[in-house]
Amino acid sequence: MRHKPVLLQEAVQSLNLKPDSVVLDGTLGSGGHSREILSLLGPRGLLISLDRDNDAVLRCAKHYERDERWVCRQSNFSDADDVLDLLKIEKLDGALLDLGFSSDQLESGERGFSFDRPGPLDMRMDASGGQTAADLLRDLTRYELEHLFVRFGEERWARKFAERICLVRSKTPIETTQDLVRVINEALPRAYSYPAGKRPPWARHHPATKVFQALRIAVNQELENLASALPKIFSRLKRGGRMSVISFHSLEDRIVKQQFKAWHIQKQGALIYKKPVEASDAEVNENPRSRSAKLRTIEKL
């Protein structure tokens with residue numbers, strides 16, 4: 001499946017770009033937003049695209065390697081200020097963060113992001129180092145696992161899942177996506193369990209959805225990186241420059257909403273939209289992953 005960037009036109013238009021704008025795309029992914037931004041820039045414009053996933057950088061190489069207006073680096077967007085310093089770029093006209101992950105990542109079984117794809121429980125955006133999801137399932141206590149599933153997944157069965165994981169891992173390692181899906185299904189009350197772990201038509205989410213989300217957030221320190229990145233990037237905006245963020249779950253959106261509101265109250269920024277922009281019915285029908293997307297934009301005063 002080819003990745004469809006969410007809220008493509010809405011996000012790019014929200015930045016109010018000019019042909020000579022200097023723009024940061026902090027989450028390159030499959031390059032959809034970056035290519036749309038580049039189409040609006042003239043010969044004096046510049047786009048800096050970042051992604052902590054080196055596969056994303058290599059995947060998009062053919063689109064930027066011959067274009068002098070496009071600079072791409074492997075980096076976490078929380079380190080955007082360091083990258084801009086190295087490139088000797090002081091100020092930005094616009095910045096975009098799309099906090100989702102791409103179809104390429106989901107459909108790559110060896111990355112371990114999806115409960116629908118067999119593979120190792122990795123879940124690292126940057127596969128060059130750091131703990132994997134399997135490491136967390138092996139090392140965290142029952143109480144730590146429960147807390148993680150509640151905090152990052154808002155999972156109602158957090159205690160049952162944590163208890164079952166600890167029981168199973170005492171006998172055999174939980175190392176693959178299939179291992180974890182099986183454990184979760186075994187831990188569910190009988191009325192909620194799924195035959196062979198598959199989602200029946202009446203269920204809104206697969207039972208493993210929130211556990212996989214919680215592990216992914218923890219492995220990649222997603223909320224900490226977001227909270228760190230927002231003020232760093234906002235400080236780089238010119239007066240009148242805009243930052244837009246697309247979030248996909250309430251934990252991310254809460255961080256963005258509260259930070260933007262604080263800047264608005266302090267008269268450092270103006271909120272472009274009173275309410276977040278959401279995907280149209282047509283986009284949701286074409287791309288169901290856009291259903292939970294929320295776009296917020298702030299302009300620096």
# chains A, B, ... in the order shown; residues from 1 in each chain; ligands from 1
call {"tool": "residues_around", "arguments": {"residues": "Leu41 of chain A", "least_positions_apart": "3", "cutoff": "7 Å", "atoms": "only C-alpha atoms", "output": "ChimeraX atom specification"}}
result
/A:18-21,37-38,45
call {"tool": "select_by_dssp", "arguments": {"residues": "segment 68-251 of chain A", "states": "strand (DSSP E)", "output": "number ranges by chain"}}
result
A: 70-74, 92-98, 237-247
call {"tool": "closest_residue", "arguments": {"among": "A:Gly29, A:Pro43, A:Gly269, A:Gly112", "to": "Arg124 of chain A", "atoms": "only C-alpha atoms"}}
result
A:Gly112
call {"tool": "closest_atom_pairs", "arguments": {"of": "segment 258-297 of chain A", "to": "segment 248-251 of chain A", "cutoff": "10 Å", "atoms": "only C-alpha atoms", "output": "Markdown table"}}
result
| residue | atom | partner | partner_atom | distance |
| --- | --- | --- | --- | --- |
| A:Arg289 | CA | A:Phe248 | CA | 8.8 |
| A:Ser290 | CA | A:Phe248 | CA | 8.1 |
| A:Arg291 | CA | A:Phe248 | CA | 8.5 |
| A:Ser292 | CA | A:Phe248 | CA | 5.3 |
| A:Ala293 | CA | A:Phe248 | CA | 4.6 |
| A:Lys294 | CA | A:Phe248 | CA | 6.5 |
| A:Leu295 | CA | A:Phe248 | CA | 9.2 |
call {"tool": "select_by_dssp", "arguments": {"residues": "segment 89-239 of chain A", "states": "alpha helix (DSSP H)", "output": "MDAnalysis selection string"}}
result
chainID A and resid 103:106 133:139 142:153 158:169 177:187 209:220 222:236
call {"tool": "closest_residue", "arguments": {"among": "A:Ala95, A:Ile89, A:Leu180, A:Leu148", "to": "Glu299 of chain A", "atoms": "only C-alpha atoms"}}
result
A:Ala95
call {"tool": "residues_around", "arguments": {"residues": "Asp81 of chain A", "least_positions_apart": "5", "cutoff": "12 Å", "atoms": "only C-alpha atoms", "output": "JSON, numbers by chain"}}
result
{"A": [24, 26, 48, 50, 75, 76, 86, 87, 88, 89, 90, 91, 92, 228, 229, 230, 231, 232, 233, 234, 235, 236, 237]}
call {"tool": "atom_distance", "arguments": {"atom1": "atom CA of Glu68 of chain A", "atom2": "atom CA of Asp55 of chain A"}}
result
21.3 Å
call {"tool": "residues_around", "arguments": {"residues": "Ala279 of chain A", "least_positions_apart": "2", "cutoff": "12 Å", "atoms": "only C-alpha atoms", "output": "ChimeraX atom specification"}}
result
/A:5-11,246-248,276-277,281-295
call {"tool": "closest_residue", "arguments": {"among": "A:Ala158, A:Leu136, A:Val150, A:Leu145", "to": "Pro173 of chain A", "atoms": "only C-alpha atoms"}}
result
A:Leu136
call {"tool": "closest_residue", "arguments": {"among": "A:Leu167, A:Leu15, A:Cys72, A:Ala270", "to": "Ser244 of chain A", "atoms": "only C-alpha atoms"}}
result
A:Leu15
